[in-house]
Amino acid sequence: MIKPLYIFSGLLDSGKTSVIKETLYDPHFNEGERNLILAFEEGEESYDKRFLKDTNSFLIVLDSIKDLTLKKMQELESDFEFERIIMECNGLENEAAYLKEHGLINNWEIAQILTVADASLFRLQINNLRQFMYDHFKIAEVAIFNRFANKDDYLFIRNNLKAINPHIELIFEDPDHEIVEFADDDLFDLSSDPLIIADHDYGLWYMDAANNPIKYDGKRIDINVELLEDLKEYENALIMGRKAMVCCAEDIADIGLTCVGIDKREIEADKYYHLSGKIRCIVGDEGYKTCILYVESIRKGETPKEALVTFN
């Protein structure tokens, strides 16, 4: 029988144990199934006997993901009867990436990967441990930010994570473990015609348009961008945009949008152009929505003061 594996990753003391305990106490998730908790670190919070009894769980602590061999998995299957595996990863390793790379065996299948983070420390961590944070968030399906107290951090967190992993689901919990809901404010004055996107706002606008494409449908904009990709299969379409550092200096990503109505002979590589035109929200396969810029005019642009986009 296939047994689902839920992986909780994140730095030490980010709150993984607390989130796992909340999850297993939730009757919508846990209806009495037998749970194996595999922990690769022990933080300040612990799994006490009362919790393990109440949630029909038992705990196994291993030193490293490499200890989870086929033999060890077979031993666990033989010694215990369980229906679900909860894995708490080590803050200094990336067990989720290891498992995805090496594959799972013995009828264990990844059901979901969740990364837990301390919202109050995210700015410091993303600036100083960007590669490490990138590794955890890149493959996660859900990011849970606990200890969230400063609403001004919301856009900073959202935009940085969506640049790393556009499909990640974000959940915010306040210090009392209550879910914090957000409705994105209008970040730009949509009454202006055209809406001029300043160079330092490009990252913020791009992520907002990616998450809320419908609100820009029919809006005229003016952006300063460079050529990212020639869509050779189309006569008058290019990907135009900016470059962003989503992980480290060696990991530069293109963040651009499809622009149509361009005479490709007017566009040179490594030069910037002001494009003015109207945004249309296009619905693609499986209901996926994206913005396309129908260009009305082109003029020479200026090289931005900051070569790489930020998401503040």
# chains A, B, ... in the order shown; residues from 1 in each chain; ligands from 1
$ residues_around --residues "region 155-169 of chain A" --least-positions-apart "4" --cutoff "10 Å" --atoms "only C-alpha atoms" --output "PyMOL selection string"
chain A and resi 114+119+122-123+126+133-135+137-145+151+184+187+203-208+210-211+244-247+253+255+310-312
$ write_last_selection --atoms "N, CA and C atoms" --output "compact mmCIF listing (two decimals), in the first residue's frame"
# COMPACT_ATOMS: atom_id res chain seq x y z
N LEU A 114 6.48 21.08 2.50
CA LEU A 114 6.18 22.35 3.13
C LEU A 114 7.45 22.93 3.74
N ALA A 119 8.85 34.53 10.10
CA ALA A 119 8.64 35.76 9.33
C ALA A 119 9.46 36.91 9.88
N PHE A 122 12.94 36.73 8.27
CA PHE A 122 13.06 36.42 6.84
C PHE A 122 13.94 37.41 6.10
N ARG A 123 13.80 38.70 6.36
CA ARG A 123 14.62 39.69 5.66
C ARG A 123 16.11 39.42 5.89
N ILE A 126 17.08 35.96 4.08
CA ILE A 126 17.10 35.96 2.62
C ILE A 126 18.26 36.79 2.09
N MET A 133 18.21 29.47 1.55
CA MET A 133 16.78 29.68 1.55
C MET A 133 16.19 29.27 0.20
N TYR A 134 16.90 29.60 -0.87
CA TYR A 134 16.45 29.26 -2.22
C TYR A 134 16.26 27.74 -2.34
N ASP A 135 17.22 26.98 -1.86
CA ASP A 135 17.17 25.53 -1.98
C ASP A 135 15.91 24.96 -1.33
N PHE A 137 12.93 26.69 -0.57
CA PHE A 137 11.67 27.20 -1.11
C PHE A 137 11.44 26.78 -2.56
N LYS A 138 12.51 26.48 -3.29
CA LYS A 138 12.38 26.19 -4.71
C LYS A 138 11.49 24.99 -4.98
N ILE A 139 11.58 23.97 -4.14
CA ILE A 139 10.83 22.74 -4.41
C ILE A 139 9.61 22.59 -3.51
N ALA A 140 9.35 23.59 -2.65
CA ALA A 140 8.21 23.49 -1.73
C ALA A 140 6.91 23.82 -2.46
N GLU A 141 5.85 23.17 -2.03
CA GLU A 141 4.51 23.50 -2.53
C GLU A 141 3.82 24.52 -1.65
N VAL A 142 4.19 24.53 -0.37
CA VAL A 142 3.58 25.44 0.60
C VAL A 142 4.68 26.04 1.45
N ALA A 143 4.59 27.35 1.72
CA ALA A 143 5.49 28.02 2.66
C ALA A 143 4.64 28.56 3.81
N ILE A 144 5.01 28.20 5.02
CA ILE A 144 4.28 28.63 6.20
C ILE A 144 5.16 29.61 6.98
N PHE A 145 4.70 30.85 7.09
CA PHE A 145 5.44 31.87 7.83
C PHE A 145 4.75 32.09 9.17
N LYS A 151 2.98 43.68 9.09
CA LYS A 151 2.29 43.56 7.80
C LYS A 151 3.08 44.19 6.66
N ASP A 184 -4.48 41.93 -1.62
CA ASP A 184 -3.46 42.86 -2.12
C ASP A 184 -4.05 44.23 -2.43
N LEU A 187 -1.11 48.48 -5.81
CA LEU A 187 0.25 48.96 -5.59
C LEU A 187 0.58 50.14 -6.48
N GLY A 203 10.25 45.02 -10.64
CA GLY A 203 10.08 43.72 -9.99
C GLY A 203 8.76 43.63 -9.25
N LEU A 204 8.42 44.71 -8.53
CA LEU A 204 7.16 44.74 -7.78
C LEU A 204 5.98 44.66 -8.74
N TRP A 205 6.04 45.44 -9.85
CA TRP A 205 4.95 45.40 -10.82
C TRP A 205 4.85 44.03 -11.48
N TYR A 206 5.96 43.46 -11.85
CA TYR A 206 5.95 42.18 -12.55
C TYR A 206 5.28 41.10 -11.70
N MET A 207 5.65 41.03 -10.41
CA MET A 207 5.07 40.01 -9.55
C MET A 207 3.59 40.26 -9.32
N ASP A 208 3.19 41.54 -9.22
CA ASP A 208 1.78 41.86 -9.05
C ASP A 208 0.99 41.47 -10.29
N ALA A 210 1.83 39.16 -12.43
CA ALA A 210 1.83 37.70 -12.52
C ALA A 210 0.78 37.09 -11.61
N ASN A 211 0.57 37.70 -10.43
CA ASN A 211 -0.39 37.17 -9.47
C ASN A 211 -1.80 37.69 -9.70
N ALA A 244 16.78 39.26 -13.00
CA ALA A 244 16.70 39.31 -11.54
C ALA A 244 17.57 38.24 -10.93
N MET A 245 18.14 38.54 -9.78
CA MET A 245 18.90 37.55 -9.02
C MET A 245 17.93 36.88 -8.05
N VAL A 246 17.53 35.66 -8.37
CA VAL A 246 16.56 34.97 -7.53
C VAL A 246 17.22 34.10 -6.47
N CYS A 247 18.49 33.81 -6.66
CA CYS A 247 19.17 32.96 -5.68
C CYS A 247 20.51 33.57 -5.30
N ALA A 253 17.71 35.08 -13.32
CA ALA A 253 16.51 34.66 -14.02
C ALA A 253 15.96 35.80 -14.86
N ILE A 255 12.82 37.80 -16.10
CA ILE A 255 11.43 38.03 -15.73
C ILE A 255 10.86 39.01 -16.75
N THR A 310 15.04 43.95 -8.06
CA THR A 310 14.73 43.53 -6.69
C THR A 310 13.22 43.47 -6.57
N PHE A 311 12.75 42.88 -5.45
CA PHE A 311 11.31 42.66 -5.29
C PHE A 311 10.78 43.36 -4.05
N ASN A 312 11.36 44.49 -3.69
CA ASN A 312 10.89 45.27 -2.54
C ASN A 312 9.63 46.05 -2.92
$ atom_distance --atom1 "CA of Asp79 (chain A)" --atom2 "CA of Thr17 (chain A)"
24.2 Å
$ closest_atom_pairs --of "region 118-215 of chain A" --to "region 283-304 of chain A" --cutoff "10 Å" --atoms "only C-alpha atoms" --output "CSV"
residue,atom,partner,partner_atom,distance
A:Ala198,CA,A:Pro304,CA,9.5
A:Asp199,CA,A:Pro304,CA,6.2
A:His200,CA,A:Pro304,CA,8.2
A:Tyr206,CA,A:Cys291,CA,9.8
A:Ala209,CA,A:Cys291,CA,7.1
A:Ala210,CA,A:Thr290,CA,6.6
A:Asn211,CA,A:Thr290,CA,8.9
A:Asn212,CA,A:Lys289,CA,8.8
A:Pro213,CA,A:Cys291,CA,5.8
A:Ile214,CA,A:Lys289,CA,7.9
$ write_last_selection --atoms "N, CA and C atoms" --output "short mmCIF file (atom, residue, chain, number, x, y, z; two decimals), in the first residue's frame"
data_model
loop_
_atom_site.label_atom_id
_atom_site.label_comp_id
_atom_site.auth_asym_id
_atom_site.auth_seq_id
_atom_site.Cartn_x
_atom_site.Cartn_y
_atom_site.Cartn_z
N ALA A 198 8.37 52.67 -13.11
CA ALA A 198 9.75 53.11 -12.89
C ALA A 198 10.67 51.89 -12.83
N ASP A 199 11.94 52.10 -13.17
CA ASP A 199 12.90 50.99 -13.17
C ASP A 199 12.94 50.27 -11.82
N HIS A 200 12.92 51.04 -10.72
CA HIS A 200 13.04 50.41 -9.40
C HIS A 200 11.76 49.70 -8.98
N TYR A 206 5.96 43.46 -11.85
CA TYR A 206 5.95 42.18 -12.55
C TYR A 206 5.28 41.10 -11.70
N ALA A 209 1.55 41.74 -11.48
CA ALA A 209 0.87 41.38 -12.72
C ALA A 209 0.80 39.86 -12.89
N ALA A 210 1.83 39.16 -12.43
CA ALA A 210 1.83 37.70 -12.52
C ALA A 210 0.78 37.09 -11.61
N ASN A 211 0.57 37.70 -10.43
CA ASN A 211 -0.39 37.17 -9.47
C ASN A 211 -1.80 37.69 -9.70
N ASN A 212 -1.92 38.87 -10.30
CA ASN A 212 -3.23 39.49 -10.50
C ASN A 212 -3.36 40.01 -11.94
N PRO A 213 -3.24 39.14 -12.93
CA PRO A 213 -3.20 39.63 -14.32
C PRO A 213 -4.49 40.31 -14.76
N ILE A 214 -5.62 39.89 -14.21
CA ILE A 214 -6.90 40.44 -14.68
C ILE A 214 -7.00 41.93 -14.41
#
$ closest_residue --among "A:Glu22, A:Asp189, A:Glu41, A:Asp13" --to "Ala117 (chain A)" --atoms "only C-alpha atoms"
A:Asp13
$ closest_residue --among "A:Ile20, A:Ile171, A:Val61, A:Leu70" --to "Trp108 (chain A)" --atoms "only C-alpha atoms"
A:Leu70
$ select_by_dssp --residues "region 240-297 of chain A" --states "strand (DSSP E)" --output "ChimeraX atom specification"
/A:240-245,252-260,272-283,289-297
$ write_last_selection --atoms "C-alpha atoms" --output "PDB file, in the first residue's frame"
ATOM      1  CA  MET A 240      11.004  41.710 -23.183  1.00  0.00           C
ATOM      2  CA  GLY A 241      11.796  42.418 -19.543  1.00  0.00           C
ATOM      3  CA  ARG A 242      14.559  42.534 -16.966  1.00  0.00           C
ATOM      4  CA  LYS A 243      16.964  40.180 -15.228  1.00  0.00           C
ATOM      5  CA  ALA A 244      16.697  39.308 -11.542  1.00  0.00           C
ATOM      6  CA  MET A 245      18.897  37.545  -9.023  1.00  0.00           C
ATOM      7  CA  ILE A 252      20.082  35.060 -12.771  1.00  0.00           C
ATOM      8  CA  ALA A 253      16.512  34.660 -14.020  1.00  0.00           C
ATOM      9  CA  ASP A 254      14.689  36.423 -16.830  1.00  0.00           C
ATOM     10  CA  ILE A 255      11.427  38.029 -15.734  1.00  0.00           C
ATOM     11  CA  GLY A 256       9.632  39.296 -18.774  1.00  0.00           C
ATOM     12  CA  LEU A 257       6.396  39.206 -20.691  1.00  0.00           C
ATOM     13  CA  THR A 258       5.416  38.460 -24.248  1.00  0.00           C
ATOM     14  CA  CYS A 259       5.314  41.636 -26.326  1.00  0.00           C
ATOM     15  CA  VAL A 260       3.642  41.587 -29.743  1.00  0.00           C
ATOM     16  CA  TYR A 272      16.943  49.113 -23.345  1.00  0.00           C
ATOM     17  CA  TYR A 273      13.702  50.308 -24.894  1.00  0.00           C
ATOM     18  CA  HIS A 274      10.638  52.092 -23.590  1.00  0.00           C
ATOM     19  CA  LEU A 275       7.622  50.106 -24.717  1.00  0.00           C
ATOM     20  CA  SER A 276       4.186  51.671 -24.531  1.00  0.00           C
ATOM     21  CA  GLY A 277       1.070  49.672 -25.204  1.00  0.00           C
ATOM     22  CA  LYS A 278      -1.969  47.899 -23.843  1.00  0.00           C
ATOM     23  CA  ILE A 279      -1.967  44.857 -21.580  1.00  0.00           C
ATOM     24  CA  ARG A 280      -4.295  41.976 -22.364  1.00  0.00           C
ATOM     25  CA  CYS A 281      -4.949  39.118 -19.961  1.00  0.00           C
ATOM     26  CA  ILE A 282      -4.881  35.846 -21.898  1.00  0.00           C
ATOM     27  CA  VAL A 283      -6.330  32.596 -20.556  1.00  0.00           C
ATOM     28  CA  LYS A 289      -3.852  33.494 -16.954  1.00  0.00           C
ATOM     29  CA  THR A 290      -0.974  35.649 -18.173  1.00  0.00           C
ATOM     30  CA  CYS A 291      -0.361  39.198 -19.383  1.00  0.00           C
ATOM     31  CA  ILE A 292       0.633  40.050 -22.964  1.00  0.00           C
ATOM     32  CA  LEU A 293       1.693  43.538 -24.009  1.00  0.00           C
ATOM     33  CA  TYR A 294       0.390  44.758 -27.352  1.00  0.00           C
ATOM     34  CA  VAL A 295       3.007  47.354 -28.232  1.00  0.00           C
ATOM     35  CA  GLU A 296       1.849  50.676 -29.672  1.00  0.00           C
ATOM     36  CA  SER A 297       5.116  52.616 -29.633  1.00  0.00           C
TER      37      SER A 297
END
$ select_by_dssp --residues "region 41-273 of chain A" --states "helix (DSSP H, G or I)" --output "mmCIF file with N, CA and C atoms, in the first residue's frame"
data_model
loop_
_atom_site.group_PDB
_atom_site.id
_atom_site.type_symbol
_atom_site.label_atom_id
_atom_site.label_comp_id
_atom_site.auth_asym_id
_atom_site.auth_seq_id
_atom_site.Cartn_x
_atom_site.Cartn_y
_atom_site.Cartn_z
ATOM 1 N N LYS A 49 5.111 12.918 25.240
ATOM 2 C CA LYS A 49 4.349 11.664 25.249
ATOM 3 C C LYS A 49 2.854 11.916 25.098
ATOM 4 N N ARG A 50 2.362 12.995 25.707
ATOM 5 C CA ARG A 50 0.934 13.301 25.615
ATOM 6 C C ARG A 50 0.542 13.573 24.171
ATOM 7 N N PHE A 51 1.354 14.348 23.470
ATOM 8 C CA PHE A 51 1.066 14.652 22.064
ATOM 9 C C PHE A 51 1.078 13.384 21.226
ATOM 10 N N LEU A 52 2.089 12.553 21.408
ATOM 11 C CA LEU A 52 2.203 11.329 20.612
ATOM 12 C C LEU A 52 0.997 10.415 20.845
ATOM 13 N N LYS A 53 0.530 10.335 22.083
ATOM 14 C CA LYS A 53 -0.635 9.508 22.380
ATOM 15 C C LYS A 53 -1.895 10.099 21.773
ATOM 16 N N ASP A 54 -2.073 11.408 21.938
ATOM 17 C CA ASP A 54 -3.293 12.067 21.453
ATOM 18 C C ASP A 54 -3.427 11.990 19.934
ATOM 19 N N ILE A 65 19.654 12.100 6.681
ATOM 20 C CA ILE A 65 18.780 11.501 5.678
ATOM 21 C C ILE A 65 19.433 10.261 5.066
ATOM 22 N N LYS A 66 20.749 10.222 5.068
ATOM 23 C CA LYS A 66 21.444 9.071 4.502
ATOM 24 C C LYS A 66 21.266 7.816 5.356
ATOM 25 N N ASP A 67 20.797 8.001 6.596
ATOM 26 C CA ASP A 67 20.487 6.846 7.441
ATOM 27 C C ASP A 67 19.174 6.179 7.041
ATOM 28 N N LEU A 70 17.177 1.704 2.420
ATOM 29 C CA LEU A 70 16.126 0.723 2.139
ATOM 30 C C LEU A 70 15.970 -0.233 3.320
ATOM 31 N N LYS A 71 17.103 -0.648 3.875
ATOM 32 C CA LYS A 71 17.053 -1.553 5.016
ATOM 33 C C LYS A 71 16.333 -0.910 6.195
ATOM 34 N N LYS A 72 16.634 0.380 6.464
ATOM 35 C CA LYS A 72 16.002 1.070 7.582
ATOM 36 C C LYS A 72 14.503 1.226 7.345
ATOM 37 N N MET A 73 14.118 1.535 6.130
ATOM 38 C CA MET A 73 12.703 1.672 5.826
ATOM 39 C C MET A 73 11.978 0.346 6.015
ATOM 40 N N GLN A 74 12.615 -0.730 5.596
ATOM 41 C CA GLN A 74 12.009 -2.054 5.757
ATOM 42 C C GLN A 74 11.878 -2.416 7.239
ATOM 43 N N GLU A 75 12.877 -2.023 8.033
ATOM 44 C CA GLU A 75 12.810 -2.264 9.473
ATOM 45 C C GLU A 75 11.635 -1.516 10.102
ATOM 46 N N LEU A 76 11.465 -0.241 9.704
ATOM 47 C CA LEU A 76 10.363 0.552 10.242
ATOM 48 C C LEU A 76 9.018 -0.056 9.847
ATOM 49 N N GLU A 77 8.930 -0.502 8.602
ATOM 50 C CA GLU A 77 7.697 -1.129 8.137
ATOM 51 C C GLU A 77 7.402 -2.408 8.934
ATOM 52 N N SER A 78 8.450 -3.135 9.257
ATOM 53 C CA SER A 78 8.287 -4.408 9.968
ATOM 54 C C SER A 78 7.957 -4.187 11.450
ATOM 55 N N ASP A 79 8.618 -3.185 12.057
ATOM 56 C CA ASP A 79 8.489 -2.990 13.503
ATOM 57 C C ASP A 79 7.231 -2.224 13.897
ATOM 58 N N GLU A 95 16.777 17.638 2.963
ATOM 59 C CA GLU A 95 16.331 16.267 2.752
ATOM 60 C C GLU A 95 15.330 16.167 1.604
ATOM 61 N N ALA A 96 14.485 17.188 1.450
ATOM 62 C CA ALA A 96 13.477 17.140 0.392
ATOM 63 C C ALA A 96 14.131 17.037 -0.976
ATOM 64 N N ALA A 97 15.170 17.858 -1.207
ATOM 65 C CA ALA A 97 15.874 17.811 -2.488
ATOM 66 C C ALA A 97 16.562 16.465 -2.667
ATOM 67 N N TYR A 98 17.128 15.933 -1.591
ATOM 68 C CA TYR A 98 17.800 14.629 -1.653
ATOM 69 C C TYR A 98 16.816 13.535 -2.062
ATOM 70 N N LEU A 99 15.644 13.557 -1.453
ATOM 71 C CA LEU A 99 14.660 12.529 -1.748
ATOM 72 C C LEU A 99 14.124 12.656 -3.166
ATOM 73 N N LYS A 100 13.917 13.892 -3.627
ATOM 74 C CA LYS A 100 13.432 14.084 -4.990
ATOM 75 C C LYS A 100 14.485 13.634 -6.005
ATOM 76 N N GLU A 101 15.757 13.840 -5.647
ATOM 77 C CA GLU A 101 16.842 13.466 -6.553
ATOM 78 C C GLU A 101 17.019 11.952 -6.606
ATOM 79 N N HIS A 102 16.939 11.307 -5.452
ATOM 80 C CA HIS A 102 17.227 9.878 -5.393
ATOM 81 C C HIS A 102 15.975 9.004 -5.510
ATOM 82 N N ALA A 119 8.851 34.526 10.096
ATOM 83 C CA ALA A 119 8.643 35.758 9.328
ATOM 84 C C ALA A 119 9.460 36.914 9.876
ATOM 85 N N SER A 120 9.675 36.935 11.189
ATOM 86 C CA SER A 120 10.402 38.046 11.799
ATOM 87 C C SER A 120 11.878 38.052 11.422
ATOM 88 N N LEU A 121 12.392 36.911 10.918
ATOM 89 C CA LEU A 121 13.805 36.815 10.551
ATOM 90 C C LEU A 121 14.021 36.700 9.044
ATOM 91 N N PHE A 122 12.941 36.728 8.266
ATOM 92 C CA PHE A 122 13.065 36.418 6.844
ATOM 93 C C PHE A 122 13.944 37.413 6.101
ATOM 94 N N ARG A 123 13.805 38.702 6.363
ATOM 95 C CA ARG A 123 14.625 39.695 5.657
ATOM 96 C C ARG A 123 16.111 39.424 5.894
ATOM 97 N N LEU A 124 16.475 39.172 7.137
ATOM 98 C CA LEU A 124 17.872 38.902 7.473
ATOM 99 C C LEU A 124 18.348 37.623 6.791
ATOM 100 N N GLN A 125 17.530 36.590 6.822
ATOM 101 C CA GLN A 125 17.939 35.300 6.273
ATOM 102 C C GLN A 125 18.029 35.318 4.751
ATOM 103 N N ILE A 126 17.075 35.958 4.078
ATOM 104 C CA ILE A 126 17.098 35.960 2.617
ATOM 105 C C ILE A 126 18.261 36.793 2.092
ATOM 106 N N ASN A 127 18.704 37.777 2.876
ATOM 107 C CA ASN A 127 19.839 38.605 2.464
ATOM 108 C C ASN A 127 21.177 37.929 2.736
ATOM 109 N N ASN A 128 21.246 37.137 3.801
ATOM 110 C CA ASN A 128 22.528 36.553 4.193
ATOM 111 C C ASN A 128 22.656 35.064 3.893
ATOM 112 N N ARG A 130 20.836 33.481 1.184
ATOM 113 C CA ARG A 130 19.926 33.390 0.046
ATOM 114 C C ARG A 130 19.996 32.042 -0.653
ATOM 115 N N GLN A 131 21.177 31.524 -0.881
ATOM 116 C CA GLN A 131 21.296 30.227 -1.554
ATOM 117 C C GLN A 131 20.616 29.128 -0.754
ATOM 118 N N PHE A 132 20.836 29.148 0.547
ATOM 119 C CA PHE A 132 20.255 28.123 1.410
ATOM 120 C C PHE A 132 18.733 28.234 1.413
ATOM 121 N N MET A 133 18.215 29.472 1.552
ATOM 122 C CA MET A 133 16.775 29.675 1.549
ATOM 123 C C MET A 133 16.189 29.269 0.205
ATOM 124 N N TYR A 134 16.896 29.604 -0.867
ATOM 125 C CA TYR A 134 16.451 29.258 -2.219
ATOM 126 C C TYR A 134 16.261 27.744 -2.345
ATOM 127 N N ASP A 135 17.222 26.983 -1.856
ATOM 128 C CA ASP A 135 17.168 25.530 -1.977
ATOM 129 C C ASP A 135 15.906 24.957 -1.328
ATOM 130 N N HIS A 136 15.503 25.537 -0.192
ATOM 131 C CA HIS A 136 14.332 25.025 0.517
ATOM 132 C C HIS A 136 13.030 25.439 -0.161
ATOM 133 N N PHE A 137 12.935 26.693 -0.565
ATOM 134 C CA PHE A 137 11.674 27.197 -1.110
ATOM 135 C C PHE A 137 11.443 26.783 -2.558
ATOM 136 N N LYS A 138 12.514 26.485 -3.287
ATOM 137 C CA LYS A 138 12.379 26.191 -4.710
ATOM 138 C C LYS A 138 11.491 24.988 -4.980
ATOM 139 N N LYS A 151 2.983 43.681 9.090
ATOM 140 C CA LYS A 151 2.289 43.558 7.802
ATOM 141 C C LYS A 151 3.079 44.193 6.663
ATOM 142 N N ASP A 152 4.000 45.098 7.001
ATOM 143 C CA ASP A 152 4.830 45.706 5.958
ATOM 144 C C ASP A 152 5.751 44.680 5.300
ATOM 145 N N ASP A 153 5.954 43.527 5.962
ATOM 146 C CA ASP A 153 6.831 42.492 5.403
ATOM 147 C C ASP A 153 6.129 41.633 4.360
ATOM 148 N N TYR A 154 4.809 41.744 4.260
ATOM 149 C CA TYR A 154 4.061 40.830 3.405
ATOM 150 C C TYR A 154 4.527 40.867 1.952
ATOM 151 N N LEU A 155 4.570 42.058 1.355
ATOM 152 C CA LEU A 155 4.938 42.151 -0.054
ATOM 153 C C LEU A 155 6.386 41.731 -0.275
ATOM 154 N N PHE A 156 7.257 42.063 0.667
ATOM 155 C CA PHE A 156 8.662 41.668 0.551
ATOM 156 C C PHE A 156 8.773 40.144 0.504
ATOM 157 N N ILE A 157 8.071 39.474 1.403
ATOM 158 C CA ILE A 157 8.109 38.013 1.443
ATOM 159 C C ILE A 157 7.460 37.429 0.195
ATOM 160 N N ARG A 158 6.263 37.906 -0.125
ATOM 161 C CA ARG A 158 5.542 37.352 -1.275
ATOM 162 C C ARG A 158 6.328 37.488 -2.572
ATOM 163 N N ASN A 159 6.862 38.671 -2.829
ATOM 164 C CA ASN A 159 7.518 38.915 -4.108
ATOM 165 C C ASN A 159 8.826 38.145 -4.231
ATOM 166 N N ASN A 160 9.580 38.047 -3.138
ATOM 167 C CA ASN A 160 10.822 37.281 -3.188
ATOM 168 C C ASN A 160 10.547 35.799 -3.401
ATOM 169 N N LEU A 161 9.526 35.263 -2.736
ATOM 170 C CA LEU A 161 9.244 33.833 -2.881
ATOM 171 C C LEU A 161 8.630 33.504 -4.227
ATOM 172 N N LYS A 162 7.766 34.381 -4.740
ATOM 173 C CA LYS A 162 7.170 34.129 -6.049
ATOM 174 C C LYS A 162 8.233 34.196 -7.148
ATOM 175 N N ALA A 163 9.299 34.968 -6.917
ATOM 176 C CA ALA A 163 10.402 34.981 -7.878
ATOM 177 C C ALA A 163 11.168 33.665 -7.841
ATOM 178 N N ILE A 164 11.278 33.077 -6.661
ATOM 179 C CA ILE A 164 11.962 31.793 -6.509
ATOM 180 C C ILE A 164 11.089 30.653 -7.019
ATOM 181 N N ASP A 199 11.943 52.096 -13.167
ATOM 182 C CA ASP A 199 12.898 50.987 -13.166
ATOM 183 C C ASP A 199 12.936 50.268 -11.824
ATOM 184 N N HIS A 200 12.923 51.038 -10.721
ATOM 185 C CA HIS A 200 13.044 50.407 -9.405
ATOM 186 C C HIS A 200 11.759 49.700 -8.981
ATOM 187 N N ASP A 201 10.658 49.918 -9.717
ATOM 188 C CA ASP A 201 9.391 49.270 -9.398
ATOM 189 C C ASP A 201 9.091 48.080 -10.308
ATOM 190 N N TYR A 202 9.977 47.802 -11.259
ATOM 191 C CA TYR A 202 9.655 46.775 -12.243
ATOM 192 C C TYR A 202 9.402 45.417 -11.585
ATOM 193 N N GLY A 203 10.254 45.019 -10.644
ATOM 194 C CA GLY A 203 10.081 43.723 -9.987
ATOM 195 C C GLY A 203 8.762 43.635 -9.246
ATOM 196 N N LEU A 204 8.417 44.706 -8.526
ATOM 197 C CA LEU A 204 7.163 44.740 -7.780
ATOM 198 C C LEU A 204 5.978 44.662 -8.741
ATOM 199 N N TRP A 205 6.044 45.436 -9.845
ATOM 200 C CA TRP A 205 4.948 45.403 -10.818
ATOM 201 C C TRP A 205 4.846 44.028 -11.478
ATOM 202 N N TYR A 206 5.961 43.460 -11.853
ATOM 203 C CA TYR A 206 5.951 42.179 -12.552
ATOM 204 C C TYR A 206 5.284 41.100 -11.701
ATOM 205 N N MET A 207 5.647 41.030 -10.407
ATOM 206 C CA MET A 207 5.073 40.005 -9.549
ATOM 207 C C MET A 207 3.588 40.263 -9.325
ATOM 208 N N ASP A 208 3.187 41.544 -9.224
ATOM 209 C CA ASP A 208 1.777 41.857 -9.047
ATOM 210 C C ASP A 208 0.992 41.469 -10.294
ATOM 211 N N ALA A 209 1.546 41.742 -11.475
ATOM 212 C CA ALA A 209 0.874 41.376 -12.718
ATOM 213 C C ALA A 209 0.801 39.864 -12.890
ATOM 214 N N ALA A 210 1.829 39.159 -12.429
ATOM 215 C CA ALA A 210 1.827 37.702 -12.522
ATOM 216 C C ALA A 210 0.776 37.088 -11.609
ATOM 217 N N ASN A 211 0.574 37.702 -10.431
ATOM 218 C CA ASN A 211 -0.390 37.174 -9.468
ATOM 219 C C ASN A 211 -1.804 37.688 -9.701
ATOM 220 N N PRO A 213 -3.237 39.143 -12.934
ATOM 221 C CA PRO A 213 -3.203 39.627 -14.316
ATOM 222 C C PRO A 213 -4.491 40.313 -14.756
ATOM 223 N N ILE A 214 -5.623 39.893 -14.213
ATOM 224 C CA ILE A 214 -6.903 40.437 -14.679
ATOM 225 C C ILE A 214 -7.004 41.933 -14.405
ATOM 226 N N LYS A 215 -6.438 42.391 -13.277
ATOM 227 C CA LYS A 215 -6.616 43.799 -12.949
ATOM 228 C C LYS A 215 -5.850 44.724 -13.897
ATOM 229 N N TYR A 216 -4.909 44.164 -14.659
ATOM 230 C CA TYR A 216 -4.173 44.980 -15.631
ATOM 231 C C TYR A 216 -4.729 44.828 -17.046
ATOM 232 N N LYS A 264 11.085 43.408 -35.228
ATOM 233 C CA LYS A 264 12.292 42.865 -34.613
ATOM 234 C C LYS A 264 13.563 43.558 -35.104
ATOM 235 N N ARG A 265 13.483 44.177 -36.263
ATOM 236 C CA ARG A 265 14.669 44.870 -36.789
ATOM 237 C C ARG A 265 15.010 46.108 -35.957
ATOM 238 N N GLU A 266 14.077 46.582 -35.150
ATOM 239 C CA GLU A 266 14.311 47.767 -34.323
ATOM 240 C C GLU A 266 14.981 47.431 -32.991
#
$ atom_distance --atom1 "CA of Glu181 (chain A)" --atom2 "CA of Ile110 (chain A)"
27.8 Å
$ residues_around --residues "Glu31 (chain A)" --least-positions-apart "6" --cutoff "10 Å" --atoms "only C-alpha atoms" --output "ChimeraX atom specification"
/A:24-25,55-56
$ closest_residue --among "A:Asp48, A:Asp193, A:Glu83, A:Asp118" --to "Asp174 (chain A)" --atoms "only C-alpha atoms"
A:Asp118
$ closest_residue --among "A:Val309, A:Leu129, A:Ile60, A:Ile85" --to "Glu33 (chain A)" --atoms "only C-alpha atoms"
A:Ile85
$ decode --residues "region 301-305 of chain A" --atoms "N, CA and C atoms" --output "PDB file, in the first residue's frame"
ATOM      1  N   GLY A 301      15.467  53.454 -24.595  1.00  0.00           N
ATOM      2  CA  GLY A 301      15.413  53.558 -23.145  1.00  0.00           C
ATOM      3  C   GLY A 301      16.769  53.835 -22.547  1.00  0.00           C
ATOM      4  N   GLU A 302      16.819  53.807 -21.217  1.00  0.00           N
ATOM      5  CA  GLU A 302      18.062  54.072 -20.503  1.00  0.00           C
ATOM      6  C   GLU A 302      18.431  52.834 -19.695  1.00  0.00           C
ATOM      7  N   THR A 303      19.726  52.569 -19.582  1.00  0.00           N
ATOM      8  CA  THR A 303      20.180  51.468 -18.744  1.00  0.00           C
ATOM      9  C   THR A 303      19.865  51.775 -17.292  1.00  0.00           C
ATOM     10  N   PRO A 304      19.130  50.914 -16.588  1.00  0.00           N
ATOM     11  CA  PRO A 304      18.780  51.178 -15.185  1.00  0.00           C
ATOM     12  C   PRO A 304      20.026  51.314 -14.309  1.00  0.00           C
ATOM     13  N   LYS A 305      19.903  52.111 -13.244  1.00  0.00           N
ATOM     14  CA  LYS A 305      21.020  52.272 -12.313  1.00  0.00           C
ATOM     15  C   LYS A 305      21.381  50.951 -11.657  1.00  0.00           C
TER      16      LYS A 305
END
